[in-house]
$ cat start_30.cif   # mmCIF, C-alpha atoms
data_final
loop_
_atom_site.label_atom_id
_atom_site.label_comp_id
_atom_site.auth_asym_id
_atom_site.auth_seq_id
_atom_site.Cartn_x
_atom_site.Cartn_y
_atom_site.Cartn_z
CA MET A 1 -32.05 -4.97 -12.80
CA SER A 2 -30.59 -2.45 -10.38
CA LEU A 3 -29.96 -4.99 -7.64
CA PRO A 4 -26.91 -6.71 -9.19
CA ILE A 5 -25.30 -3.35 -9.86
CA VAL A 6 -25.74 -2.33 -6.24
CA ARG A 7 -24.19 -5.65 -5.22
CA CYS A 8 -21.25 -5.02 -7.54
CA LEU A 9 -20.58 -1.62 -6.09
CA SER A 10 -20.87 -2.81 -2.53
CA ARG A 11 -18.25 -5.43 -3.21
CA SER A 12 -15.85 -2.96 -4.74
CA ILE A 13 -14.87 -1.63 -1.34
CA VAL A 14 -11.79 -3.42 -0.16
CA ASN A 15 -11.83 -3.13 3.57
CA PRO A 16 -14.94 -4.28 5.50
CA ALA A 17 -14.29 -1.79 8.31
CA ARG A 18 -13.91 0.97 5.73
CA ARG A 19 -17.06 -0.28 4.05
CA ARG A 20 -19.02 0.03 7.29
CA GLY A 21 -17.54 3.48 7.71
CA LEU A 22 -18.63 4.47 4.23
CA VAL A 23 -22.09 3.05 4.82
CA ARG A 24 -22.37 5.14 7.98
CA PHE A 25 -20.98 8.09 6.06
CA GLY A 26 -23.57 7.53 3.36
CA GLN A 27 -26.36 7.28 5.91
CA GLY A 28 -25.16 10.51 7.47
CA LEU A 29 -25.25 12.19 4.11
CA ALA A 30 -28.74 10.86 3.41
CA MET A 31 -29.98 12.16 6.73
CA ALA A 32 -28.40 15.51 6.09
CA SER A 33 -30.24 15.51 2.73
CA LEU A 34 -27.09 16.50 0.90
CA ALA A 35 -27.07 16.09 -2.87
CA VAL A 36 -23.91 13.96 -2.89
CA ARG A 37 -24.19 10.65 -4.67
CA PRO A 38 -22.28 7.70 -3.20
CA GLU A 39 -21.04 6.67 -6.69
CA VAL A 40 -18.84 9.76 -6.76
CA SER A 41 -16.81 8.64 -3.75
CA GLN A 42 -16.71 5.11 -5.21
CA ALA A 43 -15.16 6.45 -8.41
CA ASP A 44 -12.68 8.54 -6.43
CA ALA A 45 -11.67 5.54 -4.35
CA ALA A 46 -11.17 3.42 -7.50
CA ARG A 47 -9.03 6.15 -9.07
CA ASP A 48 -6.93 6.41 -5.91
CA ARG A 49 -6.37 2.65 -5.86
CA LEU A 50 -5.30 2.69 -9.51
CA GLN A 51 -2.91 5.60 -8.99
CA ALA A 52 -1.38 3.86 -5.98
CA ALA A 53 -0.92 0.62 -7.93
CA ILE A 54 0.73 2.45 -10.85
CA ALA A 55 2.98 4.48 -8.54
CA GLU A 56 4.11 1.34 -6.73
CA PHE A 57 5.14 -0.20 -10.05
CA THR A 58 6.69 2.85 -11.74
CA GLN A 59 8.56 4.19 -8.69
CA GLY A 60 8.65 7.57 -10.37
CA ARG A 61 10.27 6.33 -13.60
CA VAL A 62 9.60 7.82 -17.03
CA MET A 63 6.51 6.39 -18.71
CA VAL A 64 5.84 5.86 -22.40
CA PRO A 65 2.02 6.01 -22.27
CA ASP A 66 1.00 4.62 -25.68
CA SER A 67 3.91 2.35 -26.37
CA THR A 68 4.41 0.65 -29.71
CA ARG A 69 6.64 -1.88 -27.93
CA LEU A 70 3.91 -3.30 -25.72
CA ARG A 71 0.74 -5.08 -26.78
CA ILE A 72 -2.33 -6.49 -25.03
CA GLU A 73 -4.08 -9.36 -26.80
CA ILE A 74 -7.63 -9.73 -25.54
CA ASP A 75 -11.13 -10.05 -27.03
CA ALA A 76 -12.88 -6.67 -27.29
CA LEU A 77 -16.14 -8.35 -26.33
CA VAL A 78 -16.15 -10.93 -23.54
CA GLU A 79 -19.22 -12.98 -22.67
CA ASN A 80 -18.08 -14.36 -19.34
CA GLY A 81 -16.20 -12.05 -16.98
CA ASN A 82 -15.34 -14.98 -14.72
CA SER A 83 -12.57 -16.23 -16.98
CA VAL A 84 -11.06 -13.81 -19.46
CA PRO A 85 -7.92 -14.89 -21.35
CA ILE A 86 -5.29 -12.19 -21.78
CA ARG A 87 -1.84 -12.16 -23.36
CA VAL A 88 0.69 -9.36 -23.03
CA SER A 89 3.78 -9.19 -25.21
CA ALA A 90 6.59 -6.69 -25.53
CA LEU A 91 8.91 -6.07 -28.47
CA SER A 92 12.30 -6.79 -26.94
CA PRO A 93 15.41 -8.69 -28.01
CA MET A 94 15.75 -9.86 -24.38
CA THR A 95 19.50 -9.29 -24.36
CA ASP A 96 21.67 -8.24 -21.41
CA THR A 97 21.39 -4.60 -22.43
CA ASP A 98 17.77 -4.56 -23.64
CA HIS A 99 15.18 -6.71 -21.96
CA VAL A 100 11.90 -6.60 -20.08
CA GLN A 101 12.10 -7.16 -16.34
CA ARG A 102 8.51 -6.90 -15.15
CA ILE A 103 5.00 -6.82 -16.58
CA LEU A 104 1.95 -5.69 -14.59
CA ILE A 105 -1.66 -6.14 -15.71
CA LEU A 106 -4.22 -3.69 -14.33
CA ALA A 107 -8.03 -3.79 -14.40
CA PRO A 108 -8.84 -0.29 -13.09
CA ARG A 109 -12.52 -0.95 -12.37
CA ASN A 110 -12.03 -4.19 -10.46
CA PRO A 111 -12.17 -4.01 -6.64
CA GLN A 112 -8.37 -4.28 -6.66
CA PRO A 113 -6.74 -2.93 -9.84
CA GLN A 114 -3.76 -5.29 -9.93
CA VAL A 115 -4.39 -8.54 -11.80
CA ALA A 116 -0.95 -10.14 -12.04
CA LEU A 117 2.71 -9.18 -11.83
CA PHE A 118 5.24 -11.16 -13.89
CA HIS A 119 9.01 -11.16 -13.37
CA LEU A 120 11.04 -11.92 -16.51
CA GLY A 121 14.70 -11.79 -17.47
CA VAL A 122 17.23 -12.39 -20.23
CA HIS A 123 16.76 -16.17 -19.73
CA SER A 124 13.06 -15.75 -20.68
CA GLY A 125 14.10 -15.30 -24.31
CA ARG A 126 10.86 -13.53 -25.15
CA ALA A 127 8.70 -10.99 -23.31
CA GLU A 128 5.31 -12.63 -23.53
CA VAL A 129 2.98 -13.86 -20.80
CA ALA A 130 -0.61 -15.08 -20.69
CA THR A 131 -3.16 -15.81 -17.99
CA ARG A 132 -6.90 -15.81 -17.24
CA PHE A 133 -8.63 -13.34 -14.96
CA ARG A 134 -11.97 -12.01 -13.70
CA MET A 135 -13.51 -8.73 -14.79
CA ALA A 136 -16.02 -6.98 -12.54
CA GLU A 137 -17.31 -4.77 -15.37
CA SER A 138 -16.49 -3.36 -18.81
CA GLN A 139 -13.35 -1.26 -18.64
CA SER A 140 -10.10 -0.16 -20.18
CA LEU A 141 -7.33 -2.56 -19.19
CA GLN A 142 -3.73 -1.48 -18.83
CA ALA A 143 -0.43 -3.30 -19.07
CA LEU A 144 2.79 -1.77 -17.78
CA ALA A 145 6.23 -3.13 -18.60
CA LEU A 146 9.51 -2.20 -16.97
CA PHE A 147 12.37 -2.32 -19.49
CA SER A 148 16.02 -2.67 -18.52
CA ASP A 149 16.71 0.95 -19.52
CA GLY A 150 14.47 1.96 -16.61
CA ARG A 151 11.56 3.12 -18.74
CA ILE A 152 7.97 2.04 -18.21
CA HIS A 153 5.92 1.26 -21.31
CA ARG A 154 2.14 1.25 -21.16
CA ALA A 155 -0.52 -0.31 -23.38
CA GLN A 156 -4.30 -0.13 -23.04
CA ALA A 157 -7.23 -2.20 -24.33
CA ASP A 158 -10.97 -1.56 -24.02
CA VAL A 159 -13.02 -4.63 -23.13
CA VAL A 160 -16.79 -4.95 -22.91
CA VAL A 161 -18.13 -7.68 -20.62
CA THR A 162 -21.67 -8.97 -21.00
CA LEU A 163 -21.69 -11.13 -17.82
CA ALA A 164 -19.62 -9.50 -15.10
CA ALA A 165 -17.72 -11.67 -12.65
CA CYS A 166 -19.26 -10.08 -9.56
CA LEU A 167 -22.76 -11.19 -10.51
CA GLU A 168 -21.89 -14.77 -9.72
CA ASN A 169 -22.18 -15.21 -6.01
CA MET B 1 -4.41 -26.95 -2.62
CA SER B 2 -3.15 -30.15 -4.12
CA ARG B 3 -3.19 -30.77 -7.82
CA ALA B 4 -1.02 -28.99 -10.33
CA VAL B 5 -0.51 -29.44 -14.05
CA VAL B 6 2.50 -28.15 -15.95
CA ARG B 7 3.21 -28.50 -19.64
CA VAL B 8 6.68 -28.30 -21.10
CA PRO B 9 7.19 -28.74 -24.87
CA GLN B 10 8.98 -31.87 -26.07
CA GLN B 11 11.65 -32.09 -28.76
CA VAL B 12 13.21 -28.74 -27.95
CA ARG B 13 16.36 -27.55 -29.72
CA ALA B 14 19.09 -25.70 -27.85
CA GLY B 15 18.50 -21.96 -27.87
CA GLU B 16 14.83 -22.31 -28.73
CA VAL B 17 12.39 -20.12 -26.78
CA ILE B 18 9.57 -22.30 -25.45
CA GLU B 19 6.28 -21.51 -23.76
CA ILE B 20 5.59 -23.29 -20.48
CA THR B 21 2.10 -23.47 -19.00
CA ALA B 22 1.28 -24.09 -15.36
CA MET B 23 -2.01 -24.48 -13.51
CA VAL B 24 -2.79 -25.26 -9.89
CA ALA B 25 -6.09 -26.34 -8.32
CA HIS B 26 -7.13 -23.51 -6.00
CA PRO B 27 -10.42 -21.69 -5.15
CA MET B 28 -8.82 -18.20 -5.43
CA GLU B 29 -11.43 -16.76 -3.06
CA THR B 30 -11.26 -13.03 -3.70
CA GLY B 31 -12.22 -11.69 -0.28
CA TYR B 32 -14.83 -9.44 -1.91
CA ARG B 33 -17.72 -11.90 -2.01
CA THR B 34 -20.42 -12.15 0.63
CA GLY B 35 -21.52 -15.60 1.75
CA ASP B 36 -25.06 -16.79 2.47
CA ASP B 37 -24.74 -15.44 6.02
CA GLY B 38 -24.13 -11.95 4.66
CA ARG B 39 -20.51 -11.89 5.80
CA ILE B 40 -17.50 -11.38 3.58
CA VAL B 41 -15.92 -14.71 2.62
CA PRO B 42 -12.29 -14.40 3.75
CA ARG B 43 -9.65 -13.99 1.07
CA HIS B 44 -7.81 -17.19 0.17
CA ILE B 45 -5.66 -16.92 -2.92
CA VAL B 46 -2.38 -18.17 -4.32
CA ARG B 47 0.20 -15.47 -3.67
CA GLU B 48 3.09 -16.51 -5.81
CA LEU B 49 4.41 -18.94 -8.37
CA GLN B 50 8.11 -19.46 -8.72
CA CYS B 51 9.75 -21.54 -11.43
CA GLU B 52 13.34 -22.70 -11.07
CA PHE B 53 15.55 -24.38 -13.63
CA ASP B 54 18.23 -26.48 -11.92
CA GLY B 55 17.93 -24.27 -8.85
CA GLN B 56 18.00 -20.91 -10.64
CA THR B 57 14.84 -18.81 -10.67
CA VAL B 58 13.72 -18.30 -14.27
CA PHE B 59 10.20 -16.97 -13.68
CA ARG B 60 8.23 -15.47 -10.84
CA MET B 61 4.65 -14.26 -10.68
CA THR B 62 2.68 -12.40 -8.02
CA PHE B 63 -1.02 -13.28 -7.95
CA PHE B 64 -3.94 -10.98 -7.11
CA PRO B 65 -7.61 -11.84 -6.37
CA ALA B 66 -8.61 -11.08 -9.99
CA LEU B 67 -6.96 -14.25 -11.27
CA THR B 68 -9.40 -17.09 -11.90
CA ALA B 69 -9.98 -20.09 -9.70
CA ASN B 70 -7.47 -22.79 -10.68
CA PRO B 71 -5.13 -20.06 -11.94
CA TRP B 72 -3.37 -20.69 -15.23
CA VAL B 73 -0.29 -18.99 -16.64
CA ALA B 74 1.90 -19.26 -19.71
CA PHE B 75 5.45 -17.91 -19.69
CA PRO B 76 8.54 -18.11 -21.92
CA LEU B 77 11.93 -19.71 -21.36
CA ARG B 78 15.03 -19.91 -23.52
CA ALA B 79 15.95 -23.60 -23.44
CA GLU B 80 19.75 -23.84 -23.49
CA ARG B 81 20.20 -27.32 -22.03
CA SER B 82 18.34 -30.20 -20.44
CA GLY B 83 17.49 -29.93 -16.78
CA LEU B 84 14.84 -30.02 -14.09
CA LEU B 85 12.07 -27.42 -13.79
CA THR B 86 10.58 -26.93 -10.34
CA PHE B 87 7.30 -25.05 -9.89
CA THR B 88 6.36 -23.78 -6.43
CA TRP B 89 2.99 -22.19 -5.61
CA THR B 90 2.44 -20.57 -2.21
CA ASP B 91 -1.00 -19.50 -0.97
CA ASP B 92 -2.43 -17.17 1.72
CA GLN B 93 -2.48 -19.98 4.27
CA GLY B 94 1.16 -20.78 3.70
CA ARG B 95 0.41 -23.99 1.85
CA VAL B 96 2.86 -24.95 -0.83
CA VAL B 97 2.41 -27.07 -3.94
CA ILE B 98 5.50 -28.27 -5.76
CA GLU B 99 5.50 -29.80 -9.22
CA ARG B 100 8.50 -30.88 -11.26
CA ALA B 101 9.04 -31.39 -14.97
CA GLU B 102 11.97 -32.50 -17.07
CA LEU B 103 13.17 -30.20 -19.82
CA ARG B 104 14.86 -32.21 -22.57
CA VAL B 105 16.92 -30.26 -25.05
CA SER B 106 18.50 -31.92 -28.08
#

$ encode --input "start_30.cif" --output "structure tokens"
Amino acid sequence: MSLPIVRCLSRSIVNPARRRGLVRFGQGLAMASLAVRPEVSQADAARDRLQAAIAEFTQGRVMVPDSTRLRIEIDALVENGNSVPIRVSALSPMTDTDHVQRILILAPRNPQPQVALFHLGVHSGRAEVATRFRMAESQSLQALALFSDGRIHRAQADVVVTLAACLEN
Amino acid sequence: MSRAVVRVPQQVRAGEVIEITAMVAHPMETGYRTGDDGRIVPRHIVRELQCEFDGQTVFRMTFFPALTANPWVAFPLRAERSGLLTFTWTDDQGRVVIERAELRVS
């Protein structure tokens, strides 16, 4: 039962060179008999990747963290992490003065947090997009939307996955 | 990368906001999987989808490895007049798939 989890974690490191480095680092720690668990650095790395992805999108703009203007539609319980339908919609008249320009979907506990980035405009008529994606494990998804007033709105949704995408190999 | 399917609603009235769906056949290899030889299978994903209406970009999407194989998307468009929709997918290897669909507005 522990094997698939180990495989999941090993795949969550982006860069192979960095992965080898971390493996060596981990071996060094083991030899030094230090009480540092590798999962801690994994969690730190995931948090750093998420922060970087959010910063790249927000560019320092004001964020509305629990927005009532943005909504994620997704099943709370997903059986197959290999294909998870998601729909994100924003309350917006989509006029010249008030519209949504970009929507970003984030899965913070995937190897790479970004899932998809959508570019919309006044001609879209409605701020609503849908796609299908893979989930490595149960997690709290985020959607960020850039409105034309320069504000970022954020919505979150907790999703439990019974068969994670990374187990299929 | 070869086949693509797009769906555009029929019998659209001027000013109506429609939902367009687009899917392309593609493995979307994440770059995080290990193959049978123990090596990482190189990343090979679609990078971008662009949709133009009579030459004007009306939708653009950046893809990441999390999107499923044969990636599918639905997006909105305010249909003002009839015209030609052109969908262009570009992948990591620079391959391009182009699909066209007529938008008929009454």

$ closest_residue --input "start_30.cif" --among "B:Arg3, B:Arg47, B:His26, B:Arg60" --to "B:Phe75" --atoms "only C-alpha atoms"
B:Arg60

$ closest_residue --input "start_30.cif" --among "A:Leu163, A:Leu77, A:Ala130, A:Leu141" --to "B:Met23" --atoms "only C-alpha atoms"
A:Ala130

$ resolve_selection --input "start_30.cif" --expression "the PyMOL selection byres ((chain B) within 6 of (chain A))" --output "JSON, numbers by chain"
{"B": [17, 32, 59, 60, 61, 62, 63, 64, 66, 67, 68, 72, 73, 74, 75, 76, 77, 78]}

$ write_last_selection --input "start_30.cif" --atoms "C-alpha atoms" --output "compact mmCIF listing (two decimals), keeping the file's coordinate frame"
# COMPACT_ATOMS: atom_id res chain seq x y z
CA VAL B 17 12.39 -20.12 -26.78
CA TYR B 32 -14.83 -9.44 -1.91
CA PHE B 59 10.20 -16.97 -13.68
CA ARG B 60 8.23 -15.47 -10.84
CA MET B 61 4.65 -14.26 -10.68
CA THR B 62 2.68 -12.40 -8.02
CA PHE B 63 -1.02 -13.28 -7.95
CA PHE B 64 -3.94 -10.98 -7.11
CA ALA B 66 -8.61 -11.08 -9.99
CA LEU B 67 -6.96 -14.25 -11.27
CA THR B 68 -9.40 -17.09 -11.90
CA TRP B 72 -3.37 -20.69 -15.23
CA VAL B 73 -0.29 -18.99 -16.64
CA ALA B 74 1.90 -19.26 -19.71
CA PHE B 75 5.45 -17.91 -19.69
CA PRO B 76 8.54 -18.11 -21.92
CA LEU B 77 11.93 -19.71 -21.36
CA ARG B 78 15.03 -19.91 -23.52

$ resolve_selection --input "start_30.cif" --expression "the PyMOL selection byres ((chain B and resi 5) around 6)" --output "PDB file with C-alpha atoms, in the coordinates of the input"
ATOM      1  CA  ALA B   4      -1.020 -28.990 -10.330  1.00  0.00           C
ATOM      2  CA  VAL B   6       2.500 -28.150 -15.950  1.00  0.00           C
ATOM      3  CA  ALA B  22       1.280 -24.090 -15.360  1.00  0.00           C
ATOM      4  CA  MET B  23      -2.010 -24.480 -13.510  1.00  0.00           C
TER       5      MET B  23
END

$ atom_distance --input "start_30.cif" --atom1 "atom CA of A:Arg47" --atom2 "atom CA of A:Gln142"
13.5 Å

$ atom_distance --input "start_30.cif" --atom1 "atom CA of B:Gly55" --atom2 "atom CA of B:Phe87"
10.7 Å

$ atom_distance --input "start_30.cif" --atom1 "atom CA of A:Ser89" --atom2 "atom CA of A:Ile152"
13.9 Å

$ residues_around --input "start_30.cif" --residues "B:Ala101" --least-positions-apart "2" --cutoff "12 Å" --atoms "only C-alpha atoms" --output "PyMOL selection string"
chain B and resi 4-10+20-22+51-54+82-88+98-99+103-104

$ residues_around --input "start_30.cif" --residues "stretch 64-71 of chain A" --least-positions-apart "4" --cutoff "7 Å" --atoms "only C-alpha atoms" --output "PDB file with C-alpha atoms, keeping the file's coordinate frame"
ATOM      1  CA  VAL A  88       0.690  -9.360 -23.030  1.00  0.00           C
ATOM      2  CA  SER A  89       3.780  -9.190 -25.210  1.00  0.00           C
ATOM      3  CA  ALA A  90       6.590  -6.690 -25.530  1.00  0.00           C
ATOM      4  CA  LEU A  91       8.910  -6.070 -28.470  1.00  0.00           C
ATOM      5  CA  ILE A 152       7.970   2.040 -18.210  1.00  0.00           C
ATOM      6  CA  HIS A 153       5.920   1.260 -21.310  1.00  0.00           C
ATOM      7  CA  ARG A 154       2.140   1.250 -21.160  1.00  0.00           C
ATOM      8  CA  ALA A 155      -0.520  -0.310 -23.380  1.00  0.00           C
TER       9      ALA A 155
END

$ closest_residue --input "start_30.cif" --among "B:Val24, B:Val97, B:Ala69, B:Val58" --to "B:His44" --atoms "all atoms listed in the file"
B:Ala69

$ closest_residue --input "start_30.cif" --among "B:Pro71, B:Thr30, B:Glu48, B:Thr57" --to "B:Gly94" --atoms "only C-alpha atoms"
B:Glu48
